[in-house]
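File shown: work-v6.txt (compact mmCIF, C-alpha atoms).
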```txt
# COMPACT_ATOMS: atom_id res chain seq x y z
CA MET A 1 43.32 -17.47 27.99
CA ILE A 2 45.07 -17.39 31.30
CA LEU A 3 45.00 -14.05 33.11
CA TRP A 4 48.54 -14.06 34.46
CA PHE A 5 49.95 -15.17 31.10
CA ALA A 6 48.05 -12.38 29.36
CA LEU A 7 49.45 -9.89 31.87
CA VAL A 8 52.98 -11.17 31.24
CA GLN A 9 52.46 -10.74 27.50
CA VAL A 10 51.07 -7.22 27.87
CA ALA A 11 53.97 -6.27 30.16
CA VAL A 12 56.65 -7.75 27.88
CA ALA A 13 55.12 -6.16 24.77
CA ALA A 14 54.77 -2.79 26.49
CA VAL A 15 58.38 -2.85 27.69
CA ALA A 16 59.54 -3.92 24.22
CA ALA A 17 57.56 -1.03 22.72
CA LEU A 18 59.10 1.49 25.09
CA VAL A 19 62.63 0.18 24.61
CA CYS A 20 62.33 0.19 20.80
CA ILE A 21 60.76 3.64 20.62
CA ILE A 22 63.37 5.12 22.96
CA LEU A 23 66.25 3.41 21.13
CA GLY A 24 64.84 4.52 17.78
CA LEU A 25 64.37 8.12 18.81
CA ALA A 26 67.90 8.06 20.24
CA GLY A 27 69.07 7.23 16.73
CA ARG A 28 69.85 3.54 17.12
CA ARG A 29 69.39 1.25 14.18
CA PRO A 30 67.72 -2.14 14.73
CA SER A 31 69.98 -4.18 17.00
CA ASP A 32 70.03 -7.57 18.67
CA LEU A 33 68.26 -5.96 21.62
CA SER A 34 65.36 -4.44 19.67
CA VAL A 35 64.92 -7.34 17.25
CA GLY A 36 65.31 -9.78 20.16
CA ALA A 37 62.58 -7.97 22.09
CA LEU A 38 60.23 -8.41 19.13
CA ALA A 39 61.22 -12.06 18.85
CA LEU A 40 60.31 -12.57 22.50
CA VAL A 41 56.92 -10.91 21.95
CA GLU A 42 56.31 -13.22 18.99
CA LEU A 43 57.36 -16.29 20.98
CA LEU A 44 54.83 -15.43 23.69
CA LEU A 45 52.14 -14.98 21.03
CA ILE A 46 52.84 -18.42 19.59
CA ALA A 47 52.58 -19.84 23.11
CA GLN A 48 49.30 -17.92 23.41
CA ILE A 49 47.97 -19.63 20.28
CA VAL A 50 48.73 -23.00 21.87
CA VAL A 51 47.10 -21.88 25.13
CA ALA A 52 44.00 -20.70 23.26
CA LEU A 53 43.73 -24.04 21.45
CA VAL A 54 44.19 -26.14 24.58
CA SER A 55 42.27 -24.05 27.16
CA PRO A 56 38.72 -24.96 26.02
CA LEU A 57 39.65 -28.66 26.26
CA ALA A 58 40.91 -28.09 29.79
CA GLY A 59 37.66 -26.55 30.99
CA ASN A 60 38.45 -22.90 30.33
CA PRO A 61 36.13 -22.01 27.44
CA ILE A 62 35.93 -18.65 25.73
CA SER A 63 32.98 -16.55 26.88
CA GLY A 64 33.07 -13.86 24.18
CA SER A 65 33.10 -14.12 20.39
CA ALA A 66 35.49 -16.83 19.22
CA LEU A 67 35.74 -15.32 15.74
CA GLU A 68 36.67 -11.91 17.12
CA PHE A 69 39.20 -13.47 19.47
CA TRP A 70 40.93 -15.40 16.71
CA VAL A 71 40.98 -12.44 14.34
CA TYR A 72 42.81 -10.51 17.05
CA LEU A 73 45.19 -13.34 17.88
CA VAL A 74 46.14 -14.11 14.27
CA SER A 75 46.56 -10.42 13.42
CA ALA A 76 48.66 -9.87 16.54
CA ALA A 77 50.89 -12.83 15.68
CA LEU A 78 51.51 -11.39 12.20
CA ILE A 79 52.55 -7.94 13.43
CA PRO A 80 56.00 -8.61 15.03
CA PRO A 81 57.32 -10.56 12.00
CA ALA A 82 56.14 -7.73 9.75
CA GLY A 83 57.98 -5.21 11.94
CA VAL A 84 61.18 -7.26 11.94
CA PHE A 85 60.92 -7.80 8.19
CA TRP A 86 60.70 -4.04 7.77
CA ALA A 87 63.75 -3.60 10.00
CA LEU A 88 65.72 -6.08 7.90
CA LEU A 89 64.77 -4.29 4.68
CA GLU A 90 65.67 -0.87 5.94
CA ARG A 91 68.11 -0.55 8.77
CA SER A 92 67.40 3.00 9.80
CA ARG A 93 66.56 4.37 13.24
CA TRP A 94 62.95 4.72 12.13
CA SER A 95 62.69 0.98 11.67
CA THR A 96 63.45 0.69 15.38
CA VAL A 97 60.56 3.06 16.08
CA VAL A 98 58.34 1.02 13.73
CA MET A 99 59.17 -2.13 15.73
CA GLY A 100 58.18 -0.22 18.86
CA VAL A 101 54.83 0.67 17.29
CA ALA A 102 54.37 -3.00 16.39
CA ALA A 103 55.06 -4.16 19.95
CA GLY A 104 52.75 -1.50 21.38
CA SER A 105 49.93 -2.64 19.10
CA VAL A 106 50.44 -6.22 20.28
CA ALA A 107 50.17 -5.09 23.92
CA VAL A 108 46.81 -3.43 23.26
CA MET A 109 45.53 -6.39 21.22
CA VAL A 110 46.48 -8.98 23.84
CA TRP A 111 44.62 -7.04 26.49
CA ARG A 112 41.60 -6.82 24.20
CA MET A 113 41.83 -10.61 23.66
CA GLN A 114 41.79 -11.16 27.41
CA VAL A 115 38.65 -9.01 27.68
CA ILE A 116 36.95 -10.99 24.90
CA TRP A 117 37.94 -14.31 26.44
CA SER A 118 36.74 -13.47 29.93
CA GLY A 119 33.60 -11.80 28.59
CA ILE A 120 33.93 -8.77 30.85
CA GLY A 121 33.00 -5.48 29.22
CA ALA A 122 33.17 -7.00 25.76
CA MET B 123 71.69 16.98 17.94
CA ALA B 124 71.25 15.18 14.63
CA PRO B 125 73.07 16.65 11.64
CA ALA B 126 70.91 19.24 9.93
CA ASN B 127 71.16 17.65 6.51
CA ARG B 128 69.68 14.37 7.65
CA PRO B 129 66.22 13.91 6.11
CA ARG B 130 64.58 12.81 9.35
CA ILE B 131 61.12 13.59 8.08
CA THR B 132 61.26 10.96 5.38
CA GLY B 133 61.92 8.41 8.07
CA LEU B 134 59.07 9.73 10.17
CA GLY B 135 56.86 9.16 7.15
CA ARG B 136 57.72 5.49 7.42
CA VAL B 137 56.49 5.41 10.99
CA LEU B 138 53.30 7.07 9.77
CA VAL B 139 52.87 4.33 7.18
CA ALA B 140 53.40 1.68 9.89
CA VAL B 141 50.79 3.22 12.17
CA TYR B 142 48.35 3.42 9.26
CA ALA B 143 49.01 -0.23 8.42
CA VAL B 144 48.26 -1.32 11.98
CA LEU B 145 45.09 0.76 12.08
CA ALA B 146 44.01 -0.63 8.71
CA LEU B 147 44.53 -4.15 10.05
CA ALA B 148 42.63 -3.40 13.25
CA ALA B 149 39.74 -1.72 11.46
CA THR B 150 39.49 -4.47 8.83
CA GLY B 151 39.53 -7.23 11.44
CA ARG B 152 36.92 -5.59 13.58
CA SER B 153 34.53 -4.72 10.78
CA LEU B 154 34.87 -8.24 9.37
CA VAL B 155 33.82 -9.68 12.72
CA GLN B 156 30.99 -7.19 13.15
CA ILE B 157 29.55 -7.82 9.70
CA VAL B 158 29.87 -11.60 9.81
CA GLU B 159 28.43 -11.94 13.31
CA ARG B 160 25.73 -9.33 13.71
CA PHE B 161 25.29 -6.98 10.77
CA ASP B 162 21.59 -6.50 11.58
CA ALA B 163 22.32 -5.07 15.02
CA ALA B 164 23.75 -1.83 13.67
CA PRO B 165 23.78 -1.67 9.86
CA LEU B 166 24.84 1.96 9.67
CA ALA B 167 27.69 1.64 12.16
CA PHE B 168 29.00 -1.56 10.61
CA THR B 169 28.80 -0.24 7.07
CA LEU B 170 30.82 2.75 8.20
CA SER B 171 33.30 0.46 9.90
CA ALA B 172 33.83 -1.41 6.65
CA ILE B 173 34.17 1.80 4.63
CA SER B 174 36.65 3.25 7.11
CA ALA B 175 38.66 0.04 7.04
CA GLY B 176 38.84 0.26 3.24
CA VAL B 177 39.94 3.88 3.41
CA TYR B 178 42.68 3.06 5.91
CA ILE B 179 44.02 0.38 3.58
CA LEU B 180 43.87 2.87 0.69
CA ALA B 181 45.61 5.55 2.76
CA THR B 182 48.38 3.14 3.74
CA ALA B 183 49.03 2.21 0.12
CA ALA B 184 48.78 5.81 -1.05
CA LEU B 185 51.32 6.97 1.53
CA ILE B 186 53.75 4.26 0.49
CA PHE B 187 53.54 5.39 -3.16
CA SER B 188 53.03 9.09 -2.43
CA HIS B 189 56.11 10.05 -4.43
CA SER B 190 53.96 9.66 -7.53
CA ARG B 191 51.51 12.43 -8.26
CA PHE B 192 48.54 10.14 -8.66
CA TRP B 193 48.99 8.39 -5.32
CA TYR B 194 49.78 11.68 -3.65
CA ALA B 195 46.33 12.90 -4.72
CA VAL B 196 44.76 9.63 -3.56
CA ALA B 197 46.47 10.06 -0.19
CA TRP B 198 44.96 13.51 0.18
CA VAL B 199 41.46 12.25 -0.59
CA ALA B 200 41.77 9.27 1.75
CA ILE B 201 43.21 11.25 4.64
CA VAL B 202 40.73 14.12 4.34
CA PHE B 203 37.91 11.55 4.17
CA GLU B 204 39.18 10.08 7.43
CA MET B 205 39.46 13.46 9.06
CA VAL B 206 35.89 14.33 8.12
CA GLY B 207 34.76 10.85 9.09
CA VAL B 208 36.22 10.85 12.57
CA LEU B 209 35.01 14.41 13.26
CA VAL B 210 31.46 13.84 11.96
CA VAL B 211 30.94 10.33 13.32
CA GLY B 212 32.69 11.28 16.54
CA SER B 213 30.35 14.22 17.07
CA VAL B 214 27.21 12.37 16.00
CA SER B 215 28.01 9.42 18.28
CA LEU B 216 28.06 11.81 21.24
CA PHE B 217 24.51 13.01 20.65
CA ARG B 218 22.78 10.21 18.74
CA HIS B 219 23.89 7.08 20.50
CA ASP B 220 20.95 5.23 18.91
CA LEU B 221 22.53 5.59 15.45
CA PHE B 222 25.76 4.01 16.64
CA PRO B 223 24.77 1.47 19.28
CA GLU B 224 27.95 -0.48 18.64
CA GLU B 225 31.52 0.74 18.61
CA THR B 226 33.11 1.77 15.33
CA VAL B 227 36.63 2.98 14.70
CA TRP B 228 35.35 6.53 14.64
CA SER B 229 32.75 6.67 17.39
CA TRP B 230 33.67 8.82 20.38
CA PHE B 231 36.48 10.25 18.24
CA GLY B 232 38.24 6.91 18.17
CA SER B 233 38.50 6.53 21.93
CA GLY B 234 38.49 2.75 21.54
CA TYR B 235 41.76 3.13 19.65
CA VAL B 236 43.40 5.56 22.09
CA PHE B 237 42.28 8.46 19.83
CA VAL B 238 44.76 7.36 17.16
CA PRO B 239 42.06 7.73 14.44
CA LEU B 240 41.61 11.36 15.52
CA ILE B 241 45.30 12.29 15.62
CA LEU B 242 46.45 10.37 12.57
CA PRO B 243 44.70 12.36 9.80
CA PHE B 244 46.16 15.61 11.12
CA VAL B 245 49.66 14.14 11.15
CA GLY B 246 48.96 12.76 7.67
CA VAL B 247 47.85 16.12 6.28
CA TRP B 248 50.92 17.80 7.78
CA TRP B 249 53.15 15.15 6.24
CA LEU B 250 51.52 15.53 2.82
CA PHE B 251 51.95 19.30 2.99
CA THR B 252 55.65 18.95 3.64
CA HIS B 253 56.16 16.20 1.03
CA ARG B 254 54.80 17.35 -2.31
CA PRO B 255 55.87 15.01 -5.09
CA GLY B 256 57.66 17.37 -7.50
CA HIS B 257 59.92 18.71 -4.76
CA VAL B 258 63.55 17.81 -4.87
CA GLN B 259 64.07 15.40 -2.05
CA ALA B 260 67.09 13.91 -0.47
CA ALA B 261 68.54 10.77 -1.99
CA PRO B 262 66.19 7.77 -1.82
CA ALA B 263 66.23 5.75 1.35
CA PRO B 264 68.65 2.92 0.54
CA ALA B 265 71.38 5.34 -0.48
CA ARG B 266 71.43 7.26 2.77
CA ILE B 267 71.42 4.33 5.13
CA GLU B 268 74.78 3.89 6.68
CA ARG B 269 76.23 0.46 6.83
CA SER B 270 75.80 -1.18 10.15
CA VAL B 271 76.80 -4.43 11.64
CA TRP B 272 74.46 -6.10 14.07
```

structure tokens encoding of this file:
Amino acid sequence: MILWFALVQVAVAAVAALVCIILGLAGRRPSDLSVGALALVELLLIAQIVVALVSPLAGNPISGSALEFWVYLVSAALIPPAGVFWALLERSRWSTVVMGVAAGSVAVMVWRMQVIWSGIGA
Amino acid sequence: MAPANRPRITGLGRVLVAVYAVLALAATGRSLVQIVERFDAAPLAFTLSAISAGVYILATAALIFSHSRFWYAVAWVAIVFEMVGVLVVGSVSLFRHDLFPEETVWSWFGSGYVFVPLILPFVGVWWLFTHRPGHVQAAPAPARIERSVW
């Protein structure tokens, strides 16, 4: 993993979480903004998968448990689509909150992945 | 602010289900890794991790189907089990660190998961109390969703 890219992902996911939770609690149904925020989070996660595949070849190997890292990464990548799917099924304000919860979980998981990769405090 | 007749709580239940689903995923992933990689390091902690993961999955499913009496009862059992689990394991992990040398979902009252495992069962119990299955509830979800264009 690359530290600055992980930080970008955590920041984007955290902002997406806040925006979705605030919009949802304000009574907004899933919109281009909230679904788009989740799409951006997912895009970054797909880029992260590529980064994680290429990094070891470029002399940036994983120092923690590879299995644990990949379980986190694959789970994280599944969460935003699940949230959006939910929002498409049921267009209520609570679906917006659910997408916020999804983005927040991704933020935590990406940070945890960075910790596993760098081997600090793992 | 919101109209009084709007069944907000039903919607909140959906958020509860989502949080449970995420926690179930997290707990399952972690316990899978722990058991595959180093079960011998902390058999008790890792067995508990696996059991708690299973119970979170069960609780998620039970909440989804909690309009039926059977699943409502299952939800009670699963959520009370979690509550007892996080309180007992949380307390024990404070004093007997040797029994739980490795992190589990419940050790230190779930501090590794921002205390979500501690808060969630209480929210769950409150939700179950206010949503008994035989009670007349508002129209099912699809009927009350207003049309929206986005």

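Atom CA of A:Met99 sits 7.2 Å away from atom CA of A:Leu38.
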
Give the residues of chain A that lie within 12 Å of chain B; count only C-alpha atoms, and format the answer as an MDAnalysis selection string. chainID A and resid 21 24:36 64:76 78:80 82:83 86:106 108:109 112 122

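Residue nearest A:Pro56, chosen from A:Met1, A:Ile116, A:Ala6, A:Val19 and counting all atoms listed in the file: A:Met1.
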
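Nearest to A:Val115 of all the residues A:Leu18, A:Leu7, A:Leu44, A:Val12 is A:Leu7, counting all atoms listed in the file.
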
Need the shell around B:Pro239: protein/DNA/RNA residues with any atom at most 10 Å away, counting only C-alpha atoms. Skip same-chain ones fewer than 4 positions apart. Format as number ranges by chain? B: 142, 145, 178, 204-205, 207-209, 227-229, 231-235, 243-244

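Pairwise distance (atom CA of B:Ser190, atom CA of B:Leu170) equals 28.8 Å.
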
Report as an MDAnalysis selection string all protein, DNA and RNA residues lying within 10 Å of A:Phe5, evaluated on all atoms listed in the file, omitting residues in the same chain fewer than 2 positions from it. chainID A and resid 1:3 7:11 44 47:48 51 114

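The space separating atom CA of B:Ala175 from atom CA of B:Ala146 comes to 5.6 Å.
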
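If you count all atoms listed in the file and ignore residues fewer than 3 places along the chain from B:Ala184, what sits within 9 Å of it is B:Ile179, B:Leu180, B:Ala181, B:Phe187, B:Ser188, B:Phe192, B:Trp193, B:Tyr194, B:Ala195, B:Val196, B:Ala197, B:Trp198, B:Ala200.
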